[in-house]
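Everything below belongs to upload_31.cif, which stores mmCIF, C-alpha atoms and all ligand atoms.
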data_input
loop_
_atom_site.label_atom_id
_atom_site.label_comp_id
_atom_site.auth_asym_id
_atom_site.auth_seq_id
_atom_site.Cartn_x
_atom_site.Cartn_y
_atom_site.Cartn_z
CA MET B 1 13.46 -7.02 -25.85
CA SER B 2 11.79 -10.40 -25.71
CA ASN B 3 9.19 -9.16 -23.26
CA VAL B 4 7.78 -6.61 -25.70
CA SER B 5 4.26 -7.41 -26.81
CA PRO B 6 1.29 -5.13 -27.37
CA GLU B 7 -0.28 -6.50 -24.20
CA PHE B 8 2.91 -5.86 -22.18
CA ASP B 9 3.00 -2.28 -23.42
CA LYS B 10 -0.62 -1.81 -22.45
CA LEU B 11 0.17 -3.04 -18.96
CA LEU B 12 3.02 -0.53 -18.66
CA LYS B 13 0.66 2.26 -19.65
CA LEU B 14 -1.98 1.08 -17.16
CA SER B 15 0.73 0.85 -14.48
CA ALA B 16 1.88 4.43 -15.10
CA ASP B 17 -1.72 5.68 -15.07
CA ILE B 18 -2.77 4.04 -11.82
CA GLY B 19 0.64 4.82 -10.31
CA SER B 20 -0.05 8.51 -10.84
CA ASP B 21 -3.35 8.42 -8.94
CA PRO B 22 -2.76 8.87 -5.18
CA LEU B 23 -6.21 7.46 -4.47
CA LEU B 24 -5.00 4.12 -5.92
CA VAL B 25 -1.22 3.96 -5.46
CA GLN B 26 1.14 5.80 -3.14
CA ALA B 27 4.90 5.88 -3.72
CA ALA B 28 6.38 2.40 -4.34
CA GLY B 29 3.14 0.70 -3.23
CA GLY B 30 0.95 -1.40 -5.50
CA ASN B 31 2.15 -3.64 -8.30
CA THR B 32 1.11 -5.13 -11.62
CA SER B 33 2.00 -8.32 -13.47
CA ILE B 34 1.42 -10.25 -16.67
CA LYS B 35 1.91 -13.94 -17.35
CA GLN B 36 3.46 -14.54 -20.78
CA ASP B 37 4.20 -18.17 -21.66
CA ASP B 38 6.04 -19.48 -18.60
CA THR B 39 7.17 -16.06 -17.40
CA LEU B 40 5.56 -13.88 -14.77
CA TRP B 41 6.59 -10.28 -15.43
CA ILE B 42 6.18 -8.49 -12.11
CA LYS B 43 6.94 -4.98 -10.90
CA ALA B 44 10.33 -4.77 -9.21
CA SER B 45 10.61 -4.16 -5.48
CA GLY B 46 10.99 -0.50 -4.52
CA THR B 47 10.19 0.87 -7.98
CA TRP B 48 7.28 3.21 -8.59
CA LEU B 49 4.40 2.21 -10.87
CA MET B 50 4.15 5.80 -12.07
CA ASN B 51 7.55 5.33 -13.78
CA ALA B 52 6.48 2.19 -15.68
CA VAL B 53 6.60 3.74 -19.16
CA ASP B 54 9.87 5.66 -18.77
CA THR B 55 11.89 3.21 -16.66
CA ASP B 56 12.50 -0.53 -16.65
CA ILE B 57 10.47 -1.65 -13.62
CA MET B 58 9.39 -5.20 -14.59
CA VAL B 59 11.27 -8.39 -13.66
CA PRO B 60 10.87 -11.80 -15.39
CA VAL B 61 10.22 -14.69 -12.98
CA SER B 62 9.84 -18.35 -13.98
CA LEU B 63 6.22 -19.09 -13.11
CA PRO B 64 6.44 -22.94 -13.03
CA ALA B 65 9.50 -22.81 -10.76
CA LEU B 66 7.86 -20.31 -8.42
CA LEU B 67 4.58 -22.26 -8.25
CA THR B 68 6.47 -25.49 -7.53
CA ALA B 69 8.38 -23.77 -4.72
CA LEU B 70 5.07 -22.49 -3.33
CA ASP B 71 3.54 -25.97 -3.45
CA ASP B 72 6.61 -27.46 -1.78
CA GLY B 73 6.56 -24.86 1.01
CA ASN B 74 10.02 -23.74 -0.12
CA ASP B 75 10.95 -20.48 1.67
CA HIS B 76 12.72 -19.21 -1.49
CA ALA B 77 9.24 -18.58 -2.86
CA GLU B 78 8.88 -15.61 -0.50
CA ARG B 79 11.26 -13.35 -2.39
CA ALA B 80 11.04 -15.17 -5.71
CA GLN B 81 14.58 -13.89 -6.31
CA ALA B 82 15.85 -17.41 -6.97
CA PHE B 83 13.48 -17.75 -9.91
CA VAL B 84 14.35 -14.56 -11.80
CA ASP B 85 15.47 -15.04 -15.42
CA GLN B 86 18.66 -13.00 -14.98
CA ALA B 87 19.44 -13.11 -18.73
CA ARG B 88 16.38 -10.91 -19.27
CA ASN B 89 16.98 -8.77 -16.17
CA PRO B 90 19.89 -6.49 -17.19
CA ALA B 91 19.13 -3.92 -14.50
CA GLY B 92 19.43 -6.60 -11.79
CA LEU B 93 16.02 -5.78 -10.35
CA ARG B 94 14.41 -7.87 -7.62
CA PRO B 95 10.81 -9.00 -7.81
CA SER B 96 8.17 -7.28 -5.69
CA ILE B 97 7.67 -8.61 -2.17
CA GLU B 98 4.11 -9.35 -3.31
CA THR B 99 5.16 -11.53 -6.29
CA THR B 100 3.62 -14.71 -4.88
CA VAL B 101 0.23 -12.99 -4.63
CA HIS B 102 0.37 -12.45 -8.40
CA ALA B 103 1.61 -15.98 -9.02
CA VAL B 104 -1.33 -17.65 -7.27
CA MET B 105 -3.93 -15.66 -9.24
CA ALA B 106 -5.22 -17.77 -12.13
CA GLN B 107 -5.68 -14.84 -14.51
CA ARG B 108 -3.07 -13.48 -16.91
CA VAL B 109 -3.04 -9.83 -15.84
CA VAL B 110 -3.04 -8.93 -12.13
CA VAL B 111 -3.30 -5.43 -10.71
CA HIS B 112 -2.78 -4.73 -7.00
CA VAL B 113 -3.51 -1.27 -5.62
CA HIS B 114 -3.69 0.42 -2.24
CA CYS B 115 -7.00 2.04 -3.17
CA VAL B 116 -7.97 4.40 -0.33
CA ASN B 117 -11.71 3.74 -0.77
CA THR B 118 -11.08 0.00 -0.48
CA ILE B 119 -8.80 0.45 2.53
CA ALA B 120 -11.47 2.56 4.30
CA ILE B 121 -13.69 -0.57 4.20
CA ALA B 122 -10.94 -3.19 4.56
CA ILE B 123 -9.87 -1.76 7.96
CA ARG B 124 -13.35 -2.40 9.41
CA ASN B 125 -14.16 -5.56 11.29
CA ASP B 126 -17.57 -5.62 9.56
CA ALA B 127 -15.95 -5.44 6.10
CA GLN B 128 -17.38 -8.80 5.00
CA SER B 129 -21.00 -7.72 5.36
CA ILE B 130 -20.36 -4.32 3.72
CA LEU B 131 -18.62 -6.00 0.77
CA GLU B 132 -21.43 -8.55 0.40
CA GLN B 133 -23.70 -5.63 -0.45
CA LYS B 134 -21.30 -3.53 -2.50
CA LEU B 135 -19.65 -6.35 -4.47
CA ALA B 136 -22.71 -8.57 -5.01
CA ALA B 137 -22.17 -8.35 -8.80
CA PHE B 138 -18.54 -9.57 -8.60
CA ASN B 139 -16.71 -12.87 -8.01
CA TRP B 140 -14.82 -11.64 -4.97
CA LEU B 141 -13.10 -12.69 -1.76
CA LEU B 142 -12.09 -10.88 1.43
CA ILE B 143 -8.84 -12.14 2.94
CA PRO B 144 -8.34 -11.09 6.58
CA TYR B 145 -5.02 -9.29 7.20
CA MET B 146 -1.89 -11.34 6.67
CA ARG B 147 1.65 -10.08 6.30
CA PRO B 148 2.23 -9.33 2.59
CA GLY B 149 4.28 -12.02 0.86
CA LEU B 150 4.03 -15.73 1.51
CA PRO B 151 1.41 -15.77 4.32
CA LEU B 152 -0.91 -13.59 2.24
CA SER B 153 -0.50 -15.50 -1.02
CA ARG B 154 -1.10 -18.83 0.75
CA ALA B 155 -4.30 -17.48 2.29
CA ILE B 156 -5.50 -16.26 -1.12
CA ALA B 157 -4.72 -19.59 -2.82
CA LYS B 158 -6.53 -21.54 -0.09
CA ALA B 159 -9.64 -19.35 -0.11
CA ALA B 160 -9.78 -19.17 -3.92
CA ALA B 161 -9.63 -22.98 -4.19
CA ASP B 162 -12.94 -23.18 -2.32
CA LYS B 163 -14.76 -21.05 -4.90
CA PRO B 164 -16.47 -22.66 -7.95
CA ALA B 165 -14.60 -20.26 -10.30
CA PRO B 166 -11.32 -18.42 -9.60
CA PRO B 167 -12.25 -15.06 -8.03
CA ASP B 168 -11.02 -11.98 -9.89
CA VAL B 169 -11.55 -9.42 -7.12
CA ILE B 170 -9.67 -9.89 -3.85
CA VAL B 171 -10.06 -7.39 -1.03
CA LEU B 172 -7.08 -7.61 1.32
CA GLY B 173 -8.00 -6.84 4.93
CA ASN B 174 -6.13 -3.78 6.27
CA HIS B 175 -4.22 -3.57 3.00
CA GLY B 176 -5.87 -3.02 -0.40
CA LEU B 177 -7.30 -4.57 -3.53
CA VAL B 178 -6.30 -7.08 -6.22
CA VAL B 179 -8.16 -7.39 -9.52
CA ALA B 180 -7.29 -9.80 -12.32
CA ALA B 181 -8.38 -10.53 -15.88
CA GLU B 182 -7.20 -12.14 -19.10
CA THR B 183 -6.33 -8.81 -20.73
CA THR B 184 -5.08 -5.45 -19.50
CA GLU B 185 -8.15 -3.74 -20.88
CA LEU B 186 -10.48 -6.04 -18.93
CA ALA B 187 -8.37 -5.66 -15.78
CA LEU B 188 -8.61 -1.86 -16.01
CA GLU B 189 -12.34 -2.01 -16.61
CA LEU B 190 -12.77 -4.32 -13.61
CA LEU B 191 -10.60 -2.08 -11.43
CA GLN B 192 -12.68 0.95 -12.34
CA ARG B 193 -15.98 -0.87 -11.69
CA VAL B 194 -14.84 -2.18 -8.30
CA CYS B 195 -13.44 1.20 -7.23
CA ARG B 196 -16.74 2.85 -8.16
CA ALA B 197 -18.67 0.24 -6.16
CA LEU B 198 -16.45 0.82 -3.12
CA GLU B 199 -16.37 4.61 -3.26
CA GLN B 200 -16.85 6.17 0.17
CA PRO B 201 -18.09 9.64 1.11
CA PHE B 202 -15.32 11.76 2.61
CA ARG B 203 -15.30 14.42 5.28
CA LYS B 204 -13.98 17.75 4.13
CA SER B 205 -11.62 19.58 6.45
CA ARG B 206 -10.94 23.27 6.81
CA ASN B 207 -7.49 24.62 5.98
CA ALA B 208 -4.52 24.24 8.28
CA ASP B 209 -3.34 27.08 10.49
CA THR B 210 0.09 27.34 8.90
CA ASP B 211 1.21 30.28 11.06
CA ALA B 212 0.49 28.26 14.19
CA LEU B 213 2.24 25.23 12.69
CA LEU B 214 5.35 27.25 11.83
CA THR B 215 5.45 28.47 15.44
CA LEU B 216 5.12 24.88 16.68
CA ALA B 217 7.96 23.86 14.34
CA GLU B 218 10.38 26.60 15.48
CA HIS B 219 13.94 25.38 16.17
CA SER B 220 12.87 21.80 15.47
CA ASP B 221 13.56 19.19 12.77
CA TYR B 222 9.99 19.50 11.49
CA GLN B 223 8.48 21.27 8.51
CA LEU B 224 5.19 21.74 6.69
CA PRO B 225 4.23 18.92 4.29
CA ALA B 226 4.40 19.72 0.58
CA SER B 227 0.73 18.89 0.09
CA ALA B 228 -1.82 20.92 2.06
CA ALA B 229 -4.18 17.93 1.83
CA CYS B 230 -2.00 16.06 4.38
CA HIS B 231 -3.31 18.33 7.15
CA ALA B 232 -6.80 16.80 7.05
CA THR B 233 -5.69 13.92 9.30
CA ALA B 234 -4.99 16.35 12.14
CA ILE B 235 -7.55 19.06 11.50
CA ASN B 236 -10.68 16.94 11.52
CA GLU B 237 -11.40 15.59 14.99
CA ILE B 238 -12.77 12.26 13.70
CA ASN B 239 -9.88 11.70 11.27
CA CYS B 240 -7.42 12.42 14.07
CA ARG B 241 -9.10 10.00 16.47
CA ILE B 242 -9.04 7.25 13.81
CA ALA B 243 -5.35 7.85 13.05
CA GLY B 244 -4.56 7.97 16.77
CA GLY B 245 -5.85 4.43 17.30
CA GLY B 246 -2.75 2.84 15.72
CA SER B 247 -1.49 1.46 12.41
CA LEU B 248 -4.16 0.61 9.85
CA TYR B 249 -2.19 -0.87 6.89
CA PRO B 250 1.36 -2.07 6.15
CA ASP B 251 2.84 0.82 4.14
CA HIS B 252 1.88 3.23 6.91
CA VAL B 253 4.10 1.23 9.29
CA ILE B 254 6.93 0.99 6.76
CA PHE B 255 7.10 4.66 5.81
CA LEU B 256 5.56 6.58 8.74
CA GLY B 257 6.31 4.17 11.58
CA MET B 258 4.00 2.50 14.05
CA GLY B 259 0.76 4.43 14.67
CA SER B 260 0.63 8.22 14.69
CA ALA B 261 2.21 10.80 16.97
CA ILE B 262 -0.38 13.21 18.31
CA ALA B 263 0.72 16.36 20.10
CA ALA B 264 -0.94 17.19 23.39
CA THR B 265 -2.35 20.70 23.88
CA ASP B 266 0.50 23.25 23.88
CA GLU B 267 3.12 20.64 22.94
CA SER B 268 5.53 21.87 20.25
CA ALA B 269 7.27 19.62 17.69
CA ASN B 270 10.36 19.65 19.92
CA ASP B 271 8.27 18.65 22.96
CA VAL B 272 6.85 15.65 21.05
CA ALA B 273 10.29 14.58 19.77
CA ARG B 274 11.65 14.86 23.32
CA ARG B 275 8.76 12.76 24.67
CA TYR B 276 9.59 10.10 22.06
CA ALA B 277 13.29 10.21 22.94
CA GLN B 278 12.46 9.72 26.64
CA ASN B 279 10.68 6.51 25.62
CA ALA B 280 13.72 5.40 23.57
CA LEU B 281 11.83 5.98 20.32
CA SER B 282 13.22 7.71 17.25
CA PRO B 283 11.54 11.01 16.36
CA PRO B 284 8.19 10.46 14.63
CA LYS B 285 8.09 11.04 10.86
CA GLN B 286 4.80 12.87 11.22
CA ILE B 287 3.26 14.80 14.10
CA LEU B 288 -0.46 15.53 14.19
CA PHE B 289 -1.50 18.72 15.97
CA PRO B 290 -5.24 18.27 16.58
CA GLY B 291 -7.30 21.04 15.00
CA VAL B 292 -4.15 22.81 13.71
CA GLY B 293 -2.44 20.62 11.07
CA THR B 294 0.50 18.32 10.59
CA LEU B 295 4.30 18.58 10.44
CA LEU B 296 6.72 16.16 8.82
CA HIS B 297 10.28 15.40 9.89
CA HIS B 298 13.03 16.97 7.77
CA SER B 299 14.06 13.47 6.70
CA ALA B 300 10.66 12.97 5.03
CA ASP B 301 11.03 12.00 1.37
CA ALA B 302 8.45 11.58 -1.39
CA SER B 303 7.31 8.27 0.13
CA THR B 304 6.72 9.79 3.55
CA GLU B 305 4.75 12.62 1.93
CA ALA B 306 2.71 10.11 -0.10
CA MET B 307 1.90 8.05 2.99
CA ALA B 308 0.95 11.16 5.00
CA LEU B 309 -1.48 12.06 2.22
CA CYS B 310 -2.76 8.46 2.13
CA LEU B 311 -3.55 8.61 5.85
CA ALA B 312 -5.56 11.81 5.30
CA ASP B 313 -7.38 10.18 2.36
CA VAL B 314 -8.18 6.96 4.25
CA THR B 315 -9.23 8.50 7.57
CA ALA B 316 -11.46 11.07 5.82
CA ARG B 317 -13.28 8.17 4.10
CA THR B 318 -13.70 6.09 7.25
CA ALA B 319 -17.10 6.42 8.92
CA ALA B 320 -16.99 8.02 12.38
CA ASP B 321 -18.65 5.01 14.00
CA ALA B 322 -16.77 2.33 12.01
CA PRO B 323 -15.59 -0.62 14.13
CA LEU B 324 -11.89 -0.75 13.18
CA ASN B 325 -9.19 -3.41 13.15
CA TYR B 326 -5.79 -1.95 13.96
CA LEU B 327 -2.62 -3.93 13.35
CA THR B 328 -1.44 -5.63 16.54
CA ASN B 329 1.98 -4.93 18.07
CA GLN B 330 3.19 -8.24 16.65
CA GLN B 331 1.93 -7.34 13.16
CA ASN B 332 3.69 -3.96 13.40
CA ASP B 333 6.89 -5.66 14.52
CA GLU B 334 6.93 -8.24 11.74
CA LEU B 335 6.69 -5.41 9.18
CA LEU B 336 9.42 -3.31 10.81
CA ASN B 337 11.81 -6.24 11.13
CA TRP B 338 11.27 -7.74 7.71
CA ASP B 339 14.41 -7.93 5.57
CA ALA B 340 12.51 -7.81 2.28
CA GLU B 341 10.91 -4.56 3.38
CA LYS B 342 14.26 -3.06 4.31
CA TYR B 343 15.44 -3.79 0.78
CA ARG B 344 12.31 -2.17 -0.67
CA GLN B 345 12.90 0.98 1.38
CA ALA B 346 16.52 1.17 0.28
CA MET B 347 15.51 0.75 -3.37
CA ASN B 348 12.74 3.25 -2.90
CA GLN B 349 15.20 5.90 -1.75
CA ASN B 350 17.24 5.33 -4.89
CA ASN B 351 14.14 5.89 -6.99
CA THR B 352 13.11 9.24 -5.55
ZN ZN B 401 0.19 -4.15 -1.20
#
Taking this structure as input, can you express it in the form of structure tokens?
Amino acid sequence: MSNVSPEFDKLLKLSADIGSDPLLVQAAGGNTSIKQDDTLWIKASGTWLMNAVDTDIMVPVSLPALLTALDDGNDHAERAQAFVDQARNPAGLRPSIETTVHAVMAQRVVVHVHCVNTIAIAIRNDAQSILEQKLAAFNWLLIPYMRPGLPLSRAIAKAAADKPAPPDVIVLGNHGLVVAAETTELALELLQRVCRALEQPFRKSRNADTDALLTLAEHSDYQLPASAACHATAINEINCRIAGGGSLYPDHVIFLGMGSAIAATDESANDVARRYAQNALSPPKQILFPGVGTLLHHSADASTEAMALCLADVTARTAADAPLNYLTNQQNDELLNWDAEKYRQAMNQNNT
């Protein structure tokens, strides 16, 4: 294929590697891109980075056309679908909902991850001052939370234009991390250095009480998660309080719903589902039983599992006294009612 170049192959390998690390990428989250001539090759919406070597997950987008649409304020820029080179897109894939973020980065290779260590800082309202210390050696920017897609890419472009040199490390408030470089090798090296600089201590949790959980799940639509590590959100009192405050980042809202369901003392899974139904809410994907463990709804797929694990990983790395920014009701709503996200979820189900 015309996209094949040694650099492209290296990016696929990097994509598969980072996509297999749950501390960096969960499910269909995160994306990578490379600019070759006038083409931006970007991960397709709903595909998983971990499959990058074995499956066709990259879509060719005309970079000049997309950048012109962005400059003109053309709404087609949001999905970038109108600028796909369909002749080189035999699988009919759609570009990632974060394509414009990649387009506005000046560098050739762009890597975007939902790194849990970064998120544990990016959800704090004092993130700027923490990053000033930890990222002093980097050319970086913190962008306060914006809905992924056009609003976010516009904010990045505007903030980057004010810097003397294009920044190559962008921390996305309540979201994740973008690094960029001229080669895949340099992008990987930068990613590793930034992740090391942002590494957070994490609270260990004791094991879940699975017997008690199975009793709480009796005659309900709930089951134990596949990964025992998911229980840490509920078992540790601090983790549970942090999760209980609301939604902390977009993919949580998309795959687990708004906020977290926490069972009251003596409430079973059925009791919680009933309480939700009384409030005209669909049954929660995940229920946290404080001090006991967590249960997932039978409908939970690999993405739900991955996001339950992500919540355990993020909350365990968030300091007990951290001043946190939770997504507002309006920010939750705009994620839940976003057509591009609905497409990603549908694609995601086909990929698992
Ligand atoms: Zn993202």
Problem set entry | Between CA of Ser268 in chain B and CA of Ala217 in chain B, distance in Å (one decimal) | 6.7 Å
For this session: For ligand ZN 401 (chain B), collect every residue having any atom at a distance of at most 10 Å from a ligand atom (counting all atoms listed in the file); output as number ranges by chain.
Result: B: 25, 28-31, 96-98, 101, 112-115, 147-149, 172, 174-178, 249-251
For this session: Tell me, as a PyMOL selection string, which residues lie within 7 Å of range 227-239 of chain B, counting all atoms listed in the file; anything in the same chain fewer than 5 positions away does not count.
Result: chain B and resi 205+208+288-294+308-309+311-312+315-316+320
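The smallest atom-to-atom distance between Phe202 in chain B and any of B:Leu67, B:Ala120, B:Val61, B:Leu12, using all atoms listed in the file, is found for B:Ala120.
Across the structure, CA of Ala65 in chain B and CA of Val171 in chain B are spaced 26.7 Å apart.
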For this session: In Å, rounded to a single decimal, give me how far CA of Ile287 in chain B is from CA of Ala269 in chain B.
Result: 7.2 Å
For this session: Have a look at B:Asn125, B:Lys43, B:Ala306, B:Asp333 and name the one nearest to Pro22 in chain B; count only C-alpha atoms.
Result: B:Ala306
Exercise. So which residues touch Ser282 in chain B within 9 Å, counting all atoms listed in the file, skipping near sequence neighbours fewer than 4 positions away, as a list in words?
Worked result: Ala273, Tyr276 and Ala277 of chain B
Exercise. Near Ile143 in chain B, within 10 Å and counting only C-alpha atoms, which residues show up once chain neighbours fewer than 4 positions away are dropped, as a PyMOL selection string?
Worked result: chain B and resi 122+128+152-153+155-156+159-160+170-175
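Comparing B:Asp162, B:Asp221, B:Asp301, B:Asp56 by their smallest distance to Pro284 in chain B, the closest is B:Asp221 (using all atoms listed in the file).
Compared by their closest atoms to Ala127 in chain B, and using only C-alpha atoms, the residues B:Met307, B:Leu198, B:Leu186, B:Leu216 rank with B:Leu198 nearest.
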For this session: Show which residues sit within 8 Å of Leu214 in chain B, as a ChimeraX atom specification. Count only C-alpha atoms, and ignore same-chain residues fewer than 3 positions away.
Result: /B:210-211,217-218,223-224
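Minimum atom-to-atom distances from B:Leu40, B:Thr304, B:Gly46, B:Gly259 to Ala80 in chain B were compared using all atoms listed in the file, and the lowest value belongs to B:Leu40.
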Counting all atoms listed in the file, what are the residues of range 224-252 of chain B within 8 Å of range 323-330 of chain B, and for each of them which pair of atoms is the nearest and at what distance in Å, to one decimal? Sort the table by chain and rising number, as JSON lines.
{"residue": "B:Gly245", "atom": "CA", "partner": "B:Tyr326", "partner_atom": "CA", "distance": 7.2}
{"residue": "B:Gly246", "atom": "CA", "partner": "B:Tyr326", "partner_atom": "CA", "distance": 5.9}
{"residue": "B:Ser247", "atom": "CA", "partner": "B:Leu327", "partner_atom": "CA", "distance": 5.6}
{"residue": "B:Leu248", "atom": "CA", "partner": "B:Tyr326", "partner_atom": "CA", "distance": 5.1}
{"residue": "B:Tyr249", "atom": "CA", "partner": "B:Leu327", "partner_atom": "CA", "distance": 7.2}
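Residue neighbourhood of Leu14 in chain B, excluding near-sequence residues (fewer than 6 positions): B:Glu7, B:Phe8, B:Ser20, B:Asp21, B:Asn31, B:Thr32, B:Ser33, B:Ile34, B:Leu49, B:Met50, B:Asn51, B:Ala52, B:Val53, B:Val109, B:Val110, B:Val111, B:His112, B:Val113, B:Thr183, B:Thr184, B:Glu185, B:Leu186, B:Ala187, B:Leu188, B:Glu189, B:Leu191, B:Gln192, at 12 Å, using all atoms listed in the file.
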Exercise. With only C-alpha atoms as the basis for distance, which of B:Cys310, B:Arg206, B:Met146, B:Ala300 is at the shortest distance from Leu335 in chain B?
Worked result: B:Met146
Mind working out the centre and edge lengths of an axis-aligned box for range 90-101 of chain B, all listed atoms inside, 6 Å added to each side, rounded to one decimal in Å and written as lines of an AutoDock Vina configuration file?
center_x = 10.1
center_y = -9.3
center_z = -9.7
size_x = 31.7
size_y = 22.8
size_z = 27.0
Using C-alpha atoms, give me range 84-100 of chain B from the structure I just pasted, as a PDB file, in the first residue's frame.
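Contents of out03.pdb, freshly written:
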ATOM      1  CA  VAL B  84     -10.671  11.216   3.923  1.00  0.00           C
ATOM      2  CA  ASP B  85      -8.861   9.908   0.835  1.00  0.00           C
ATOM      3  CA  GLN B  86     -11.405   7.142   0.193  1.00  0.00           C
ATOM      4  CA  ALA B  87      -9.249   5.588  -2.577  1.00  0.00           C
ATOM      5  CA  ARG B  88      -6.746   4.637   0.117  1.00  0.00           C
ATOM      6  CA  ASN B  89      -9.389   3.709   2.700  1.00  0.00           C
ATOM      7  CA  PRO B  90     -10.695   0.320   1.482  1.00  0.00           C
ATOM      8  CA  ALA B  91     -12.101  -0.628   4.880  1.00  0.00           C
ATOM      9  CA  GLY B  92     -14.244   2.534   4.926  1.00  0.00           C
ATOM     10  CA  LEU B  93     -12.901   3.616   8.305  1.00  0.00           C
ATOM     11  CA  ARG B  94     -13.734   6.985   9.836  1.00  0.00           C
ATOM     12  CA  PRO B  95     -11.075   9.215  11.353  1.00  0.00           C
ATOM     13  CA  SER B  96     -10.764   9.477  15.133  1.00  0.00           C
ATOM     14  CA  ILE B  97     -12.932  12.079  16.844  1.00  0.00           C
ATOM     15  CA  GLU B  98      -9.639  13.610  17.974  1.00  0.00           C
ATOM     16  CA  THR B  99      -8.224  14.016  14.424  1.00  0.00           C
ATOM     17  CA  THR B 100      -8.154  17.817  14.572  1.00  0.00           C
TER      18      THR B 100
END
